[in-house]
Amino acid sequence: MFIAPLVRQQHFPDDMEPIKSILIIDDDTTSVFLARRLLSSIDSGLQVHGAQNGRDALAILKEAKEKAAPPQLILLDIHMPVMDGFDFLKEVGQHGHVNLIDTKIVLLTGSQNPVEIARGKNQLAATFLQKPLTKEKLRSILY
C-alpha cells in the first residue's frame, strides 16, 4: 500500500474542480458548528455534512460512494472517540472508501505535540490545519 506523505502546502492543484461538498469529521460539536458557519460565510452554496467519529464517517462515505457523490473535501479531526482520525485514514487507505484524487483530506489538530505532527506527515492527507479554524485557513484549502 502506498501512503502519500503529508505535505505542508495549503493549496490544492489549480486543475481541481471547485469544492462544493465537504465532510467534517469531528466529535467537538462547537468546532463543527464554527466550521459550518465559517464555510457558509465563504460560500453559501457549499454542502457540508458532519460525522462525530471515523466509524460514522465511513458509513457516510459508503453511502456517498454508492450514490457516486463523494465529498470533495474531508476535514478530519485527529482526536475522537470510537475511531480517531489516524484509524480512519488507515481504513480509507486499506479499503479505498474514497478516491484520493477526487477527495482531499485535511487533518485538523489543536495539538502542538511534535510526535503527533510527525505522525500526521505520514498519512493519506493532503495537508493539515491547526485549530482553531479561521476563514483564512479555510479559504487556503478551498481556493
# chains A, B, ... in the order shown; residues from 1 in each chain; ligands from 1

$ select_by_dssp --residues "chain A" --states "strand (DSSP E or B)" --output "list of chain:residue names"
A:Ser21, A:Ile22, A:Leu23, A:Ile24, A:Ile25, A:Gln47, A:Val48, A:His49, A:Gly50, A:Ala51, A:Leu73, A:Ile74, A:Leu75, A:Leu76, A:Asp77, A:Lys104, A:Ile105, A:Val106, A:Leu107, A:Leu108, A:Thr109, A:Thr127, A:Phe128, A:Leu129, A:Gln130

$ write_last_selection --atoms "N, CA and C atoms" --output "compact mmCIF listing (two decimals), in the first residue's frame"
# COMPACT_ATOMS: atom_id res chain seq x y z
N SER A 21 -18.67 20.10 -1.93
CA SER A 21 -19.16 19.11 -0.98
C SER A 21 -18.07 18.79 0.04
N ILE A 22 -18.41 18.98 1.32
CA ILE A 22 -17.43 18.83 2.40
C ILE A 22 -18.00 17.94 3.48
N LEU A 23 -17.14 17.06 4.02
CA LEU A 23 -17.49 16.24 5.17
C LEU A 23 -16.57 16.65 6.32
N ILE A 24 -17.17 17.08 7.42
CA ILE A 24 -16.41 17.43 8.62
C ILE A 24 -16.53 16.25 9.58
N ILE A 25 -15.39 15.71 10.00
CA ILE A 25 -15.38 14.60 10.94
C ILE A 25 -14.72 15.10 12.22
N GLN A 47 -22.16 22.28 0.30
CA GLN A 47 -22.90 21.23 1.00
C GLN A 47 -21.96 20.69 2.07
N VAL A 48 -22.34 20.88 3.33
CA VAL A 48 -21.48 20.46 4.44
C VAL A 48 -22.20 19.40 5.25
N HIS A 49 -21.55 18.25 5.37
CA HIS A 49 -22.08 17.14 6.16
C HIS A 49 -21.14 16.91 7.33
N GLY A 50 -21.65 16.25 8.36
CA GLY A 50 -20.83 16.01 9.54
C GLY A 50 -20.93 14.60 10.05
N ALA A 51 -19.85 14.18 10.72
CA ALA A 51 -19.80 12.89 11.41
C ALA A 51 -19.03 13.11 12.71
N LEU A 73 -13.94 17.28 -0.20
CA LEU A 73 -13.02 17.66 0.86
C LEU A 73 -13.49 17.03 2.17
N ILE A 74 -12.55 16.45 2.90
CA ILE A 74 -12.83 15.93 4.24
C ILE A 74 -11.95 16.69 5.21
N LEU A 75 -12.58 17.32 6.19
CA LEU A 75 -11.86 17.97 7.30
C LEU A 75 -11.90 16.97 8.45
N LEU A 76 -10.76 16.43 8.81
CA LEU A 76 -10.66 15.29 9.73
C LEU A 76 -9.92 15.64 11.00
N ASP A 77 -10.65 15.62 12.11
CA ASP A 77 -10.02 15.80 13.41
C ASP A 77 -9.20 14.55 13.73
N LYS A 104 -9.98 15.28 -1.27
CA LYS A 104 -8.81 15.69 -0.50
C LYS A 104 -9.14 15.61 0.99
N ILE A 105 -8.19 15.13 1.76
CA ILE A 105 -8.37 15.01 3.20
C ILE A 105 -7.41 15.97 3.89
N VAL A 106 -7.95 16.76 4.80
CA VAL A 106 -7.16 17.71 5.57
C VAL A 106 -7.27 17.33 7.04
N LEU A 107 -6.13 17.07 7.66
CA LEU A 107 -6.12 16.77 9.09
C LEU A 107 -6.26 18.05 9.88
N LEU A 108 -7.05 17.97 10.94
CA LEU A 108 -7.21 19.09 11.87
C LEU A 108 -6.64 18.70 13.21
N THR A 109 -5.88 19.58 13.80
CA THR A 109 -5.34 19.29 15.13
C THR A 109 -5.17 20.58 15.92
N THR A 127 -2.84 17.77 3.48
CA THR A 127 -2.21 18.79 4.31
C THR A 127 -2.85 18.76 5.69
N PHE A 128 -2.44 19.65 6.55
CA PHE A 128 -3.13 19.76 7.84
C PHE A 128 -3.27 21.22 8.23
N LEU A 129 -4.26 21.45 9.08
CA LEU A 129 -4.52 22.78 9.61
C LEU A 129 -4.53 22.72 11.12
N GLN A 130 -3.96 23.72 11.72
CA GLN A 130 -4.02 23.85 13.18
C GLN A 130 -5.35 24.46 13.57

$ atom_distance --atom1 "CA of Gly120 (chain A)" --atom2 "CA of Asp43 (chain A)"
28.4 Å

$ residues_around --residues "Gln52 (chain A)" --least-positions-apart "5" --cutoff "8 Å" --atoms "only C-alpha atoms" --output "VMD selection string"
chain A and resid 25 to 28 57 80

$ write_last_selection --atoms "C-alpha atoms" --output "PDB file, in the first residue's frame"
ATOM      1  CA  ILE A  25     -15.381  14.596  10.936  1.00  0.00           C
ATOM      2  CA  ASP A  26     -15.066  15.912  14.479  1.00  0.00           C
ATOM      3  CA  ASP A  27     -16.580  14.941  17.824  1.00  0.00           C
ATOM      4  CA  ASP A  28     -16.492  18.513  19.130  1.00  0.00           C
ATOM      5  CA  ALA A  57     -17.821   8.915   8.579  1.00  0.00           C
ATOM      6  CA  MET A  80     -12.054  11.446  18.510  1.00  0.00           C
TER       7      MET A  80
END

$ atom_distance --atom1 "CA of Lys65 (chain A)" --atom2 "CA of Met83 (chain A)"
20.1 Å

$ atom_distance --atom1 "CA of Phe86 (chain A)" --atom2 "CA of Lys121 (chain A)"
11.0 Å

$ select_by_dssp --residues "chain A" --states "helix (DSSP H, G or I)" --output "ChimeraX atom specification"
/A:29-42,54-66,85-95,114-120,135-142

$ closest_residue --among "A:Gly85, A:Ile19, A:Ser41, A:Val115" --to "Pro71 (chain A)" --atoms "only C-alpha atoms"
A:Ile19

$ closest_residue --among "A:His79, A:Arg55, A:Lys62, A:His97" --to "Lys131 (chain A)" --atoms "only C-alpha atoms"
A:His79
